[in-house]
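A.B. asks: I'd like to ask you about the structure that follows.
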Amino acid sequence: MLVAFSVAPSGVGTASAENADGSVHDAVAAAVSVVRASGLPHRTTSMFTEIEGEWDEVFDVVKRATDAVLPYGSRVSLVLKADIRPGRTGEIDGKIERLERAIDDAF
């Protein structure tokens with residue numbers, strides 16, 4: 001299973017989440033640290049973090065990452081998209097490799 005997710009705080013929390021420019025990078029860093037510590041294959045981009053694994057392990061990491069953001073606001077927004085393909089592994093890179101081949105073949 002592949003999951004792409006994004007978490008962000010809003011409101012006032014016990015930790016300082018927003019800088020004068022509205023950045024939430026400290027909160028996002030807390031979430032990404034949880035993902036990196038999980039040992040699961042992952043990738044972080046400017047807007048989402050992707051993680052690959054079995055249902056229970058992936059959603060455990062998403063929950064812990066969301067919990068890590070809670071101190072930065074009075075509420076947390078979670079956006080999540082999942083690609084569930086039982087029996088498949090290596091898709092975090094495999095999907096990109098197939099896409100690149102298709103682009104190369106098309107041109």
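Each chain in the structure tokens gets a letter, A, B and so on, in the order shown; residues start at 1 in every chain, and ligands are counted from 1 in the order they appear.
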Pick out the residues sitting within 12 Å of stretch 54-57 of chain A, and hand them over as a CSV table (one decimal) with all heavy atoms, in the first residue's frame; count only C-alpha atoms, and ignore anything fewer than 4 positions along from it in its own chain.

C.D. replies:
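Contents of the output file out29.csv:
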chain,number,residue,atom,x,y,z
A,1,MET,N,0.8,-1.2,0.0
A,1,MET,CA,0.0,0.0,0.0
A,1,MET,C,0.9,1.2,0.0
A,1,MET,O,1.9,1.3,0.7
A,1,MET,CB,-0.9,0.0,1.2
A,1,MET,CG,-1.2,1.3,1.8
A,1,MET,SD,-2.2,1.2,3.3
A,1,MET,CE,-3.8,1.0,2.6
A,2,LEU,N,0.5,2.2,-0.8
A,2,LEU,CA,1.1,3.5,-0.8
A,2,LEU,C,0.2,4.5,-0.2
A,2,LEU,O,-1.0,4.5,-0.6
A,2,LEU,CB,1.5,4.0,-2.2
A,2,LEU,CG,2.6,3.3,-3.0
A,2,LEU,CD1,2.7,3.8,-4.4
A,2,LEU,CD2,3.9,3.6,-2.2
A,3,VAL,N,0.6,5.4,0.6
A,3,VAL,CA,-0.2,6.4,1.2
A,3,VAL,C,0.6,7.7,1.0
A,3,VAL,O,1.8,7.8,1.3
A,3,VAL,CB,-0.5,6.2,2.7
A,3,VAL,CG1,-1.1,7.4,3.3
A,3,VAL,CG2,-1.5,5.0,2.8
A,35,VAL,N,8.0,9.7,10.4
A,35,VAL,CA,8.0,8.8,9.2
A,35,VAL,C,9.4,8.3,9.0
A,35,VAL,O,9.6,7.1,8.8
A,35,VAL,CB,7.5,9.6,7.9
A,35,VAL,CG1,7.7,8.8,6.7
A,35,VAL,CG2,6.1,10.1,8.1
A,38,SER,N,10.4,5.5,11.2
A,38,SER,CA,9.6,4.2,11.0
A,38,SER,C,10.3,3.1,10.3
A,38,SER,O,10.0,1.9,10.5
A,38,SER,CB,8.3,4.5,10.3
A,38,SER,OG,8.5,4.7,8.9
A,39,GLY,N,11.3,3.5,9.5
A,39,GLY,CA,12.0,2.5,8.7
A,39,GLY,C,11.3,2.0,7.5
A,39,GLY,O,11.9,1.3,6.7
A,40,LEU,N,10.1,2.5,7.2
A,40,LEU,CA,9.4,2.2,6.0
A,40,LEU,C,9.9,3.0,4.8
A,40,LEU,O,10.3,4.2,5.0
A,40,LEU,CB,7.9,2.4,6.2
A,40,LEU,CG,7.2,1.5,7.2
A,40,LEU,CD1,5.7,2.0,7.4
A,40,LEU,CD2,7.2,0.1,6.8
A,41,PRO,N,9.8,2.5,3.6
A,41,PRO,CA,10.1,3.3,2.5
A,41,PRO,C,9.2,4.6,2.4
A,41,PRO,O,8.0,4.5,2.7
A,41,PRO,CB,9.8,2.4,1.3
A,41,PRO,CG,9.8,1.0,1.8
A,41,PRO,CD,9.3,1.2,3.2
A,61,VAL,N,1.9,4.8,11.4
A,61,VAL,CA,2.9,5.9,11.2
A,61,VAL,C,2.1,7.2,11.0
A,61,VAL,O,2.4,8.3,11.5
A,61,VAL,CB,3.8,5.6,10.1
A,61,VAL,CG1,4.7,6.8,9.8
A,61,VAL,CG2,4.7,4.4,10.5
A,62,VAL,N,1.0,7.2,10.2
A,62,VAL,CA,0.2,8.4,9.9
A,62,VAL,C,-0.4,8.9,11.2
A,62,VAL,O,-0.3,10.1,11.4
A,62,VAL,CB,-0.8,8.1,8.8
A,62,VAL,CG1,-1.8,9.2,8.7
A,62,VAL,CG2,-0.2,7.8,7.5
A,63,LYS,N,-0.9,8.0,12.0
A,63,LYS,CA,-1.4,8.5,13.3
A,63,LYS,C,-0.4,9.1,14.2
A,63,LYS,O,-0.6,10.2,14.7
A,63,LYS,CB,-2.1,7.3,14.0
A,63,LYS,CG,-2.7,7.7,15.4
A,63,LYS,CD,-3.2,6.6,16.2
A,63,LYS,CE,-3.9,7.0,17.5
A,63,LYS,NZ,-3.2,8.0,18.2
A,64,ARG,N,0.8,8.5,14.3
A,64,ARG,CA,1.9,9.0,15.1
A,64,ARG,C,2.4,10.3,14.6
A,64,ARG,O,2.7,11.3,15.3
A,64,ARG,CB,3.0,8.0,15.3
A,64,ARG,CG,2.5,6.8,16.2
A,64,ARG,CD,3.6,5.9,16.6
A,64,ARG,NE,4.1,5.1,15.4
A,64,ARG,CZ,5.3,5.2,14.9
A,64,ARG,NH1,6.2,6.0,15.4
A,64,ARG,NH2,5.7,4.4,13.9
A,82,ALA,N,-4.6,7.0,-0.7
A,82,ALA,CA,-4.1,5.7,-0.6
A,82,ALA,C,-4.2,4.9,-1.9
A,82,ALA,O,-5.2,5.0,-2.6
A,82,ALA,CB,-4.7,4.9,0.5
A,83,ASP,N,-3.2,4.2,-2.3
A,83,ASP,CA,-3.2,3.2,-3.4
A,83,ASP,C,-3.0,1.8,-2.8
A,83,ASP,O,-1.9,1.5,-2.4
A,83,ASP,CB,-2.1,3.6,-4.4
A,83,ASP,CG,-2.1,2.6,-5.6
A,83,ASP,OD1,-3.0,1.8,-5.8
A,83,ASP,OD2,-1.1,2.8,-6.4
A,84,ILE,N,-4.1,1.1,-2.8
A,84,ILE,CA,-4.1,-0.2,-2.1
A,84,ILE,C,-4.0,-1.3,-3.2
A,84,ILE,O,-5.0,-1.5,-3.9
A,84,ILE,CB,-5.4,-0.4,-1.3
A,84,ILE,CG1,-5.4,0.8,-0.3
A,84,ILE,CG2,-5.4,-1.7,-0.6
A,84,ILE,CD1,-6.8,1.0,0.3
A,85,ARG,N,-2.9,-2.0,-3.3
A,85,ARG,CA,-2.7,-3.1,-4.2
A,85,ARG,C,-2.1,-4.2,-3.5
A,85,ARG,O,-0.8,-4.4,-3.3
A,85,ARG,CB,-1.7,-2.6,-5.4
A,85,ARG,CG,-2.4,-1.6,-6.2
A,85,ARG,CD,-1.5,-1.2,-7.4
A,85,ARG,NE,-1.5,-2.2,-8.4
A,85,ARG,CZ,-0.8,-2.2,-9.5
A,85,ARG,NH1,0.1,-1.2,-9.7
A,85,ARG,NH2,-0.9,-3.2,-10.4
A,86,PRO,N,-2.9,-5.1,-2.9
A,86,PRO,CA,-2.4,-6.2,-2.1
A,86,PRO,C,-1.4,-7.1,-2.9
A,86,PRO,O,-1.5,-7.3,-4.1
A,86,PRO,CB,-3.7,-7.1,-1.9
A,86,PRO,CG,-4.8,-6.1,-2.0
A,86,PRO,CD,-4.4,-5.1,-3.0
A,87,GLY,N,-0.3,-7.4,-2.2
A,87,GLY,CA,0.7,-8.3,-2.8
A,87,GLY,C,1.8,-7.5,-3.5
A,87,GLY,O,2.8,-8.1,-4.0
A,88,ARG,N,1.6,-6.2,-3.7
A,88,ARG,CA,2.7,-5.4,-4.4
A,88,ARG,C,3.6,-4.7,-3.4
A,88,ARG,O,3.1,-4.2,-2.4
A,88,ARG,CB,2.0,-4.4,-5.3
A,88,ARG,CG,1.1,-4.9,-6.4
A,88,ARG,CD,1.8,-5.6,-7.5
A,88,ARG,NE,2.7,-4.8,-8.2
A,88,ARG,CZ,2.5,-4.4,-9.5
A,88,ARG,NH1,1.4,-4.9,-10.1
A,88,ARG,NH2,3.3,-3.7,-10.1
A,89,THR,N,4.9,-4.7,-3.7
A,89,THR,CA,5.8,-4.0,-2.9
A,89,THR,C,6.7,-3.2,-3.9
A,89,THR,O,6.8,-3.5,-5.1
A,89,THR,CB,6.7,-4.9,-2.0
A,89,THR,OG1,7.4,-5.8,-2.8
A,89,THR,CG2,5.8,-5.6,-1.0
A,90,GLY,N,7.5,-2.3,-3.4
A,90,GLY,CA,8.4,-1.5,-4.2
A,90,GLY,C,7.7,-0.5,-5.2
A,90,GLY,O,8.3,0.0,-6.1

A.B. asks: Might you pull out every residue within 8 Å of A:Val76, with only C-alpha atoms counted and same-chain residues fewer than 5 positions away left off, and present them as a ChimeraX atom specification?

C.D. replies: /A:7-10,66,69-70

A.B. asks: Tell me which of A:Ala68, A:Leu99, A:Ile51, A:Ala4 sits closest to A:Asp26, counting only C-alpha atoms.

C.D. replies: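 Ranking A:Ala68, A:Leu99, A:Ile51, A:Ala4 by distance to A:Asp26, first place goes to A:Ala68.
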
A.B. asks: Find the residue from A:Val12, A:Ile92, A:Leu78, A:Val28 that sits nearest to A:Ser46; use only C-alpha atoms when measuring.

C.D. replies: A:Val28

A.B. asks: Which residues in stretch 35-80 of chain A does DSSP call strand (DSSP E)? List them as a PyMOL selection string.

C.D. replies: chain A and resi 42-44+49-52+75-80
